[in-house]
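A.B. asks: Have a peek at coords.txt (compact mmCIF, C-alpha atoms and all ligand atoms).
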```
# COMPACT_ATOMS: atom_id res chain seq x y z
CA MET L 30 -13.06 1.39 -5.40
CA SER L 31 -12.32 5.08 -5.13
CA GLU L 32 -10.39 6.64 -7.94
CA ARG L 33 -6.90 7.62 -6.87
CA LEU L 34 -5.56 10.58 -8.82
CA PHE L 35 -1.94 11.41 -9.68
CA ASN L 36 -0.52 13.46 -6.79
CA PHE L 37 2.54 15.62 -7.46
CA CYS L 38 2.56 17.21 -3.99
CA ALA L 39 5.96 18.18 -2.54
CA GLY L 40 4.93 16.96 0.91
CA PRO L 41 3.05 15.39 2.52
CA ALA L 42 3.40 13.45 -0.68
CA ALA L 43 1.95 10.48 -2.51
CA LEU L 44 2.12 7.07 -0.85
CA PRO L 45 2.10 3.79 -2.79
CA GLU L 46 -1.43 2.51 -3.26
CA ALA L 47 -0.36 -1.03 -2.30
CA VAL L 48 0.90 0.29 1.04
CA LEU L 49 -2.33 2.12 1.75
CA GLN L 50 -4.28 -1.04 0.96
CA LYS L 51 -2.09 -3.05 3.32
CA ALA L 52 -2.60 -0.47 6.07
CA GLN L 53 -6.33 -0.53 5.37
CA ALA L 54 -6.46 -4.30 5.69
CA ASP L 55 -4.53 -4.07 8.99
CA LEU L 56 -6.44 -1.08 10.31
CA LEU L 57 -9.13 -2.56 12.53
CA ASP L 58 -7.36 -5.73 13.51
CA TRP L 59 -3.60 -6.00 13.09
CA HIS L 60 -2.57 -9.63 12.38
CA GLY L 61 -5.50 -11.04 14.35
CA GLU L 62 -4.48 -9.33 17.58
CA GLY L 63 -7.88 -7.66 17.88
CA LEU L 64 -6.65 -4.06 17.82
CA SER L 65 -5.11 -1.56 15.47
CA VAL L 66 -1.47 -0.50 15.48
CA MET L 67 -2.58 2.94 16.72
CA GLU L 68 -4.06 1.37 19.82
CA MET L 69 -1.05 -0.75 20.81
CA SER L 70 1.31 0.04 23.64
CA HIS L 71 4.61 1.10 22.16
CA ARG L 72 6.20 -1.22 24.76
CA SER L 73 4.23 -4.28 23.63
CA ASP L 74 6.04 -7.18 21.96
CA GLU L 75 3.88 -6.66 18.88
CA TYR L 76 4.75 -2.99 18.46
CA VAL L 77 8.42 -3.41 19.32
CA GLY L 78 8.49 -6.08 16.62
CA ILE L 79 6.97 -3.68 14.08
CA ALA L 80 9.45 -0.95 15.03
CA GLU L 81 12.49 -3.21 14.91
CA GLN L 82 11.47 -4.69 11.57
CA ALA L 83 11.12 -1.18 10.10
CA GLU L 84 14.59 -0.26 11.31
CA GLN L 85 16.06 -3.48 9.93
CA ASP L 86 14.43 -2.97 6.55
CA LEU L 87 15.79 0.58 6.35
CA ARG L 88 19.23 -0.70 7.34
CA ASP L 89 19.01 -3.32 4.59
CA LEU L 90 17.88 -0.84 1.95
CA LEU L 91 20.65 1.68 2.67
CA SER L 92 23.27 -0.88 3.81
CA ILE L 93 23.67 1.20 6.96
CA PRO L 94 26.91 0.22 8.72
CA SER L 95 26.58 -1.20 12.24
CA ASN L 96 28.39 1.78 13.80
CA TYR L 97 25.42 4.01 12.93
CA GLN L 98 22.26 4.50 14.98
CA VAL L 99 18.91 4.81 13.24
CA LEU L 100 16.57 7.08 15.21
CA PHE L 101 12.84 7.59 14.62
CA LEU L 102 12.07 11.04 16.06
CA GLN L 103 9.49 13.81 15.94
CA GLY L 104 9.62 17.51 15.16
CA GLY L 105 10.30 17.10 11.46
CA ALA L 106 13.43 18.07 9.58
CA SER L 107 12.95 21.62 10.90
CA GLN L 108 13.64 20.53 14.46
CA GLN L 109 16.87 18.94 13.26
CA PHE L 110 18.04 22.42 12.27
CA ALA L 111 18.37 23.06 16.05
CA GLN L 112 18.95 19.52 17.27
CA ILE L 113 22.09 19.11 15.15
CA PRO L 114 23.98 22.08 16.65
CA LEU L 115 22.70 21.26 20.14
CA ASN L 116 24.33 17.83 19.80
CA LEU L 117 27.32 18.41 17.55
CA LEU L 118 28.38 22.03 18.03
CA PRO L 119 30.20 22.84 21.27
CA GLU L 120 29.42 26.15 23.04
CA GLY L 121 31.27 28.88 21.15
CA GLY L 122 32.09 26.44 18.35
CA LYS L 123 31.92 26.81 14.61
CA ALA L 124 30.18 24.86 11.85
CA ASP L 125 30.42 25.09 8.06
CA TYR L 126 27.19 25.33 6.07
CA ILE L 127 26.61 25.26 2.32
CA ASP L 128 23.84 27.57 1.12
CA THR L 129 21.96 26.20 -1.89
CA GLY L 130 18.45 27.53 -1.32
CA ILE L 131 15.52 27.97 1.01
CA TRP L 132 15.98 24.85 3.14
CA SER L 133 19.70 25.30 3.66
CA ALA L 134 19.05 28.96 4.54
CA LYS L 135 16.63 27.86 7.25
CA ALA L 136 19.19 25.41 8.62
CA ILE L 137 21.80 28.19 8.66
CA GLU L 138 19.51 30.66 10.40
CA GLU L 139 18.69 28.20 13.15
CA ALA L 140 22.28 26.99 13.68
CA ALA L 141 23.41 30.61 14.04
CA ARG L 142 21.42 30.74 17.29
CA TYR L 143 23.82 28.19 18.77
CA GLY L 144 27.24 29.11 17.50
CA HIS L 145 29.29 30.57 14.70
CA VAL L 146 28.12 29.57 11.24
CA ASN L 147 30.57 29.87 8.39
CA VAL L 148 28.75 29.85 5.05
CA ALA L 149 31.52 28.05 3.21
CA ALA L 150 29.84 28.28 -0.20
CA SER L 151 26.67 29.76 -1.60
CA ALA L 152 24.69 29.18 -4.77
CA ARG L 153 23.56 32.81 -4.55
CA GLU L 154 26.25 33.75 -7.09
CA PHE L 155 24.34 31.55 -9.58
CA ASP L 156 20.88 32.81 -8.53
CA TYR L 157 20.46 29.37 -6.92
CA PHE L 158 20.37 27.77 -10.38
CA ALA L 159 23.69 25.90 -9.95
CA ILE L 160 25.78 24.39 -7.17
CA PRO L 161 29.19 25.94 -6.51
CA GLY L 162 31.97 23.46 -7.22
CA GLN L 163 33.87 22.07 -4.28
CA ASN L 164 37.06 23.90 -5.36
CA GLU L 165 35.33 27.20 -4.48
CA TRP L 166 34.32 26.15 -0.98
CA GLN L 167 35.92 27.96 1.95
CA LEU L 168 35.79 25.24 4.59
CA SER L 169 37.20 26.14 7.99
CA ASP L 170 39.83 24.09 9.80
CA ASP L 171 38.02 24.27 13.12
CA ALA L 172 34.45 23.44 12.04
CA ALA L 173 32.66 20.83 14.15
CA TYR L 174 30.86 19.57 11.04
CA VAL L 175 29.85 20.50 7.49
CA HIS L 176 26.13 20.75 6.72
CA TYR L 177 24.53 20.71 3.29
CA THR L 178 21.17 20.08 1.63
CA PRO L 179 21.62 17.44 -1.09
CA ASN L 180 18.25 18.25 -2.65
CA GLU L 181 16.58 21.66 -2.39
CA THR L 182 12.92 20.70 -2.55
CA ILE L 183 11.67 24.17 -3.47
CA GLY L 184 14.37 25.30 -5.91
CA GLY L 185 14.79 21.90 -7.56
CA LEU L 186 18.58 21.97 -7.17
CA GLU L 187 20.31 18.69 -6.35
CA PHE L 188 23.88 17.53 -5.74
CA GLY L 189 24.86 14.71 -8.07
CA TRP L 190 27.96 14.17 -5.91
CA ILE L 191 28.95 13.81 -2.27
CA PRO L 192 31.21 16.57 -0.92
CA GLN L 193 34.67 15.63 0.33
CA VAL L 194 35.23 17.19 3.73
CA GLY L 195 38.20 15.27 5.06
CA ASP L 196 37.77 14.06 8.62
CA LYS L 197 34.94 16.50 9.41
CA PRO L 198 31.53 14.91 9.91
CA LEU L 199 29.35 15.54 6.87
CA VAL L 200 25.73 16.30 7.83
CA ALA L 201 23.00 16.09 5.18
CA ASP L 202 19.35 17.12 5.06
CA MET L 203 18.11 14.33 2.80
CA SER L 204 14.39 15.01 3.37
CA SER L 205 13.39 14.97 -0.27
CA THR L 206 15.97 12.64 -1.81
CA ILE L 207 16.59 9.78 0.64
CA LEU L 208 15.66 6.37 -0.81
CA SER L 209 15.46 7.74 -4.35
CA ARG L 210 18.63 5.76 -5.18
CA PRO L 211 21.45 3.96 -3.36
CA LEU L 212 23.50 6.00 -0.88
CA ASP L 213 26.89 5.38 0.72
CA VAL L 214 25.98 6.19 4.32
CA SER L 215 29.59 5.67 5.45
CA LYS L 216 30.50 8.99 3.80
CA PHE L 217 28.32 10.85 6.32
CA GLY L 218 28.43 11.65 10.00
CA LEU L 219 24.69 12.26 10.13
CA VAL L 220 21.83 12.02 7.64
CA TYR L 221 18.32 13.21 8.45
CA ALA L 222 15.05 13.22 6.56
CA GLY L 223 11.52 14.32 7.37
CA ALA L 224 9.33 11.35 6.49
CA GLN L 225 6.57 12.98 4.47
CA LYS L 226 8.43 13.10 1.15
CA ASN L 227 9.97 9.72 0.41
CA ILE L 228 9.63 7.72 3.64
CA GLY L 229 6.04 7.76 4.86
CA PRO L 230 3.45 10.01 6.46
CA SER L 231 4.30 13.21 8.33
CA GLY L 232 5.03 13.22 12.05
CA LEU L 233 8.33 11.39 11.83
CA VAL L 234 11.91 12.33 11.08
CA VAL L 235 14.58 9.67 10.56
CA VAL L 236 18.11 10.40 11.78
CA ILE L 237 21.04 8.14 10.89
CA VAL L 238 24.01 9.09 13.03
CA ARG L 239 27.50 7.66 13.53
CA ASP L 240 28.18 6.37 17.05
CA ASP L 241 31.18 8.59 17.74
CA LEU L 242 29.00 11.71 17.34
CA LEU L 243 26.73 10.73 20.22
CA GLY L 244 27.21 11.78 23.82
CA ASN L 245 28.47 15.33 23.23
CA ALA L 246 25.19 17.25 23.59
CA ARG L 247 25.47 20.57 25.42
CA SER L 248 24.31 20.61 29.01
CA SER L 249 21.52 23.00 27.95
CA CYS L 250 20.20 20.53 25.36
CA PRO L 251 16.72 19.29 26.31
CA THR L 252 16.70 15.59 27.21
CA MET L 253 14.21 14.98 24.42
CA LEU L 254 16.64 16.42 21.86
CA ASP L 255 19.74 14.51 22.97
CA TYR L 256 20.50 11.89 20.30
CA SER L 257 22.28 9.67 22.84
CA VAL L 258 19.11 9.51 24.96
CA ALA L 259 17.06 8.54 21.91
CA ALA L 260 19.66 5.94 20.90
CA LYS L 261 19.80 4.44 24.39
CA HIS L 262 16.02 4.04 24.48
CA GLY L 263 15.54 2.72 20.94
CA SER L 264 13.77 6.00 20.01
CA MET L 265 11.25 5.28 22.78
CA TYR L 266 12.33 7.64 25.55
CA ASN L 267 8.75 8.83 25.27
CA THR L 268 5.87 7.66 23.09
CA PRO L 269 7.05 7.64 19.47
CA PRO L 270 4.74 8.41 16.50
CA THR L 271 3.74 4.76 16.36
CA PHE L 272 1.49 4.78 13.31
CA ALA L 273 3.88 6.87 11.19
CA TRP L 274 6.73 4.54 12.12
CA TYR L 275 4.63 1.46 11.23
CA LEU L 276 3.53 2.94 7.90
CA SER L 277 7.11 3.87 7.06
CA GLY L 278 8.00 0.24 7.71
CA LEU L 279 5.41 -0.81 5.12
CA ILE L 280 7.04 1.60 2.66
CA PHE L 281 10.47 0.07 3.29
CA GLN L 282 9.02 -3.37 2.56
CA TRP L 283 7.35 -2.02 -0.56
CA ILE L 284 10.68 -0.61 -1.80
CA LYS L 285 12.33 -3.96 -1.13
CA GLY L 286 9.55 -5.62 -3.12
CA GLN L 287 10.20 -3.25 -6.03
CA GLY L 288 13.82 -4.46 -6.11
CA GLY L 289 15.43 -2.09 -3.61
CA LEU L 290 17.17 1.20 -4.25
CA GLU L 291 18.84 0.10 -7.49
CA ALA L 292 15.38 -0.47 -8.92
CA MET L 293 14.12 2.84 -7.54
CA GLU L 294 17.09 4.56 -9.15
CA ARG L 295 16.28 3.05 -12.56
CA ILE L 296 12.65 4.10 -12.36
CA ASN L 297 13.42 7.56 -10.98
CA GLN L 298 16.11 8.08 -13.61
CA SER L 299 13.60 7.35 -16.33
CA LYS L 300 10.85 9.51 -14.79
CA GLN L 301 13.00 12.61 -14.38
CA ARG L 302 14.55 12.21 -17.83
CA LYS L 303 11.13 12.10 -19.48
CA LEU L 304 9.99 15.27 -17.74
CA TYR L 305 13.15 17.32 -18.30
CA THR L 306 13.29 16.18 -21.92
CA ALA L 307 9.71 17.36 -22.43
CA ILE L 308 10.48 20.72 -20.79
CA ASP L 309 13.69 21.31 -22.75
CA ALA L 310 12.11 20.31 -26.07
CA SER L 311 9.17 22.67 -25.66
CA GLY L 312 8.82 26.34 -26.53
CA LEU L 313 6.42 26.96 -23.66
CA TYR L 314 8.03 25.42 -20.56
CA THR L 315 11.40 26.17 -18.98
CA ASN L 316 13.43 24.89 -16.04
CA PRO L 317 16.30 27.23 -15.13
CA ILE L 318 18.56 24.79 -13.27
CA ASN L 319 22.01 23.91 -14.56
CA PRO L 320 21.41 20.46 -16.15
CA ALA L 321 24.07 18.74 -14.01
CA ASP L 322 22.42 20.04 -10.82
CA ARG L 323 18.80 19.23 -11.56
CA SER L 324 16.69 17.50 -8.96
CA TRP L 325 15.29 14.08 -9.70
CA MET L 326 12.48 14.42 -7.18
CA ASN L 327 11.27 18.02 -7.44
CA ILE L 328 11.02 19.57 -10.88
CA PRO L 329 9.96 23.22 -11.02
CA PHE L 330 9.02 24.67 -14.38
CA ARG L 331 7.52 27.89 -15.67
CA LEU L 332 5.20 28.65 -18.54
CA ALA L 333 6.35 31.37 -20.94
CA ASP L 334 3.39 33.54 -19.90
CA ASP L 335 2.27 33.27 -16.28
CA ARG L 336 -1.29 34.17 -17.31
CA LEU L 337 -1.38 30.57 -18.57
CA ASP L 338 -0.68 29.17 -15.07
CA LYS L 339 -4.33 29.08 -14.02
CA PRO L 340 -5.67 27.36 -17.13
CA PHE L 341 -2.74 24.93 -17.03
CA LEU L 342 -3.51 23.95 -13.45
CA ALA L 343 -7.25 23.72 -14.11
CA GLY L 344 -6.69 21.44 -17.11
CA ALA L 345 -4.32 19.28 -15.07
CA GLU L 346 -6.91 18.84 -12.33
CA GLU L 347 -9.56 17.95 -14.90
CA ARG L 348 -7.23 15.18 -16.05
CA GLY L 349 -6.64 13.89 -12.53
CA MET L 350 -3.26 15.52 -11.82
CA LEU L 351 -3.09 17.25 -8.44
CA ASN L 352 -0.77 19.70 -6.69
CA LEU L 353 1.31 20.96 -9.62
CA LYS L 354 1.31 24.57 -8.42
CA GLY L 355 4.82 25.76 -7.61
CA HIS L 356 5.95 26.92 -4.19
CA ARG L 357 4.65 30.42 -3.42
CA SER L 358 8.22 31.78 -3.26
CA VAL L 359 9.08 30.54 -6.76
CA GLY L 360 5.78 30.61 -8.66
CA GLY L 361 5.14 28.59 -11.80
CA MET L 362 4.74 24.84 -11.51
CA ARG L 363 6.49 22.10 -9.60
CA ALA L 364 6.12 18.37 -10.14
CA SER L 365 7.35 16.32 -7.21
CA ILE L 366 7.93 12.81 -8.50
CA TYR L 367 8.95 10.81 -5.45
CA ASN L 368 9.21 7.01 -5.35
CA ALA L 369 5.46 6.58 -4.85
CA VAL L 370 4.58 8.64 -7.93
CA PRO L 371 4.27 6.06 -10.72
CA GLU L 372 5.89 6.49 -14.10
CA ALA L 373 2.35 6.58 -15.54
CA ALA L 374 1.82 9.87 -13.69
CA VAL L 375 4.84 11.38 -15.44
CA ASP L 376 3.63 10.02 -18.78
CA ALA L 377 0.22 11.61 -18.21
CA LEU L 378 1.80 14.93 -17.27
CA VAL L 379 4.11 14.96 -20.29
CA ALA L 380 1.19 14.15 -22.61
CA TYR L 381 -0.91 16.92 -21.06
CA MET L 382 1.94 19.43 -21.34
CA ALA L 383 2.23 18.71 -25.07
CA GLU L 384 -1.52 18.98 -25.53
CA PHE L 385 -1.62 22.28 -23.63
CA GLU L 386 1.29 23.68 -25.61
CA LYS L 387 -0.47 22.83 -28.87
CA GLN L 388 -3.48 24.87 -27.76
CA HIS L 389 -1.67 27.77 -26.13
CA GLY L 390 1.96 27.71 -27.32
C1 LIG R 401 10.27 19.44 3.68
C2 LIG R 401 11.69 19.77 4.00
C3 LIG R 401 12.07 20.27 5.26
C4 LIG R 401 11.07 20.56 6.35
O1 LIG R 401 10.53 19.39 6.82
P1 LIG R 401 9.53 19.39 8.08
O2 LIG R 401 9.44 17.92 8.36
O3 LIG R 401 8.25 20.02 7.62
O4 LIG R 401 10.17 20.15 9.17
C5 LIG R 401 13.40 20.52 5.47
N1 LIG R 401 14.33 20.30 4.52
C6 LIG R 401 14.00 19.83 3.30
C7 LIG R 401 15.07 19.61 2.29
C8 LIG R 401 12.67 19.56 3.01
O5 LIG R 401 12.34 19.07 1.79
```
Now that the file is in, can you turn its structure into C-alpha cells?
C.D. replies:
Amino acid sequence: MSERLFNFCAGPAALPEAVLQKAQADLLDWHGEGLSVMEMSHRSDEYVGIAEQAEQDLRDLLSIPSNYQVLFLQGGASQQFAQIPLNLLPEGGKADYIDTGIWSAKAIEEAARYGHVNVAASAREFDYFAIPGQNEWQLSDDAAYVHYTPNETIGGLEFGWIPQVGDKPLVADMSSTILSRPLDVSKFGLVYAGAQKNIGPSGLVVVIVRDDLLGNARSSCPTMLDYSVAAKHGSMYNTPPTFAWYLSGLIFQWIKGQGGLEAMERINQSKQRKLYTAIDASGLYTNPINPADRSWMNIPFRLADDRLDKPFLAGAEERGMLNLKGHRSVGGMRASIYNAVPEAAVDALVAYMAEFEKQHG
C-alpha cells in the first residue's frame, strides 16, 4: 500500500481514496467486459449506461428539476466565460456581473468581448475582503442575465446567500463550491463548475442550464459551444471526456454513500470551523476575510512574518501535508478543504499550526 498524504491543493484537488481504489479495481477490466472505460466507445451501451447513471446521481444529489439540462462539457470553467455570453447574450446586448475577485474578473473580461458588461457591484471597495450587500448592487433593467462567482477560490471569499435578481437568469460559477452542501438549483438560470475541485478529475466542466435558456445562441457561436447542440446530443455531439465523466460518476456515488449533501455540509461545516477557529485564536496566523463571507472550501491565511513561510511549508511537507502554498497573486498559505479532504487532514493541519506557533510565534 502506498502512503497517501493529505493534499490541500486548490485544483486539481484531492479525490476520495475509496473512489481511486474503485477506479483501480475497474481499470483493466470494467465489470468483466474485458476492457477499460477509457477504451470503450462512447456510443456503446456500457458507456452510455455509465454516463446516464452519473447524470442521474448528480440530479439526485442536487435535486435538479426536470426542466434543467445537465451537460458534461470540455474546456473548463474558463471556456464558460465565453460560452455563456455566446449563448445567453444577444448581439449588442448587456449583462450584469458582480466582481468579487480574480475569477469573476476573468469572467468579466471575457464577456466584455461579446457585449456590454455592467459591473453591478464590486468587492474592490472592501479590498476583496467582503461581499457588497445586495442593497448596493446597481442591476440594469435590460440585462440578459446576472453573473456571479459564489466562491472565489483564490481570495477565499464566499457568498453565504443567493442573490435575488427578479426574473433575470442568475448565472453562477460554482467551480469550487458545488456539492459542498445542498443547493436550490431552481434559483438559477445556469450553474457551471470545472470538475477538478469538487466533482472529479480535470478535463470536464458540468453545466446545469434551464431549458428556456437554450436555443438562443448567436449565429457566430461555434457548433461545439452551442448548449442546445450539446443538450440535443446528450453531451455527445463529439467524443466526451469519457474517463473524467466516469470518475465523476464514482464521486457522485461516493457522496451519496456518505449521506448526500446534507452530510457533506455537516462535515464541511465542522472542518472550516476548526481551521478558522485555529487561525483567529492564534497570534501568528491571520485570515483577512469578513467572517460572514469566508469560504468553506478555500482558506487563505498569512503568517505574521513571511520569512516563516518557507519553514512552515517545509515542516508541513515533512508531516505529510501537501500544497499549502498560497496562490502566487496572494502569497501566504491556502488550505483547500474540498469534500475529498478528510477531517483528519484539517485536524493534522491545526495541530501542526499550533506546534509551529509554539516554536516560532
Ligand atoms: C478553478 C476555477 C476556474 C477555472 O477553471 P478551469 O477549469 O481551469 O478553466 C474558474 N472559476 C473558479 C471559481 C475556479 O475555482
A.B. asks: For the atom pair CA of Ala106 in chain L and CA of His145 in chain L, what is the interatomic distance in Å to one decimal place?
C.D. replies: 20.8 Å
A.B. asks: How many Å separate CA of Gly278 in chain L from CA of Ala80 in chain L?
C.D. replies: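 Rounded to one decimal, the two atoms are 7.6 Å apart.
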A.B. asks: Would you pick out the contacts of range 157-174 of chain L at 7 Å or less, using only C-alpha atoms, so that residues sharing its chain but fewer than 6 positions from it are not included, and give the list as an MDAnalysis selection string?
C.D. replies: chainID L and resid 117:118 123:125 129:130 149:151 186 192 197:200 317:319 322
A.B. asks: Show me which residues sit within 8 Å of ligand LIG 401 (chain R) when counting all atoms listed in the file, and put them as a list of chain:residue names.
C.D. replies: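 Based on all atoms listed in the file, ligand LIG 401 (chain R) is surrounded within 8 Å by L:Ala39, L:Gly40, L:Gly104, L:Gly105, L:Ala106, L:Ser107, L:Gln108, L:Gln109, L:Trp132, L:Ser133, L:Thr178, L:Pro179, L:Asn180, L:Glu181, L:Thr182, L:Ile183, L:Asp202, L:Met203, L:Ser204, L:Ser205, L:Ala222, L:Gly223, L:Ala224, L:Gln225, L:Lys226, L:Ser231, L:Gly232, L:Leu233, L:Val234.
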A.B. asks: Please list as a list in words every residue within 10 Å of range 92-94 of chain L, counting only C-alpha atoms and excluding residues in the same chain fewer than 5 positions away.
C.D. replies: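 These residues fall inside the cut-off: Gln85, Asp86, Leu87, Val99, Pro211, Leu212, Asp213, Val214, Ser215, Ile237, Val238 and Arg239 of chain L.
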A.B. asks: Please list as a PDB file with C-alpha atoms, in the frame of the given file every residue within 10 Å of Ser311 in chain L, counting all atoms listed in the file and excluding residues in the same chain fewer than 3 positions away.
C.D. replies:
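Final output, saved to around_33.pdb:
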```
ATOM      1  CA  TYR L 305      13.150  17.320 -18.300  1.00  0.00           C
ATOM      2  CA  THR L 306      13.290  16.180 -21.920  1.00  0.00           C
ATOM      3  CA  ALA L 307       9.710  17.360 -22.430  1.00  0.00           C
ATOM      4  CA  ILE L 308      10.480  20.720 -20.790  1.00  0.00           C
ATOM      5  CA  TYR L 314       8.030  25.420 -20.560  1.00  0.00           C
ATOM      6  CA  THR L 315      11.400  26.170 -18.980  1.00  0.00           C
ATOM      7  CA  MET L 382       1.940  19.430 -21.340  1.00  0.00           C
ATOM      8  CA  ALA L 383       2.230  18.710 -25.070  1.00  0.00           C
ATOM      9  CA  GLU L 386       1.290  23.680 -25.610  1.00  0.00           C
ATOM     10  CA  GLY L 390       1.960  27.710 -27.320  1.00  0.00           C
TER      11      GLY L 390
END
```
A.B. asks: Dump as an NGL selection string all residues having an atom at most 12 Å from (-0.6, 12.0, -8.7), computed in the file's coordinates with all atoms listed in the file.
C.D. replies: :L and (32-39 or 42-46 or 345-346 or 348-353 or 364-378)
A.B. asks: Which distance in Å separates CA of Gly218 in chain L and CA of Ile113 in chain L, to one decimal?
C.D. replies: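 According to the coordinates, CA of Gly218 in chain L and CA of Ile113 in chain L are separated by 11.1 Å.
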A.B. asks: Near Leu254 in chain L, within 12 Å and counting only C-alpha atoms, which residues show up once chain neighbours fewer than 2 positions away are dropped, as a PyMOL selection string?
C.D. replies: chain L and resi 100+102-104+108-117+236+243-252+256-260+264+266-267
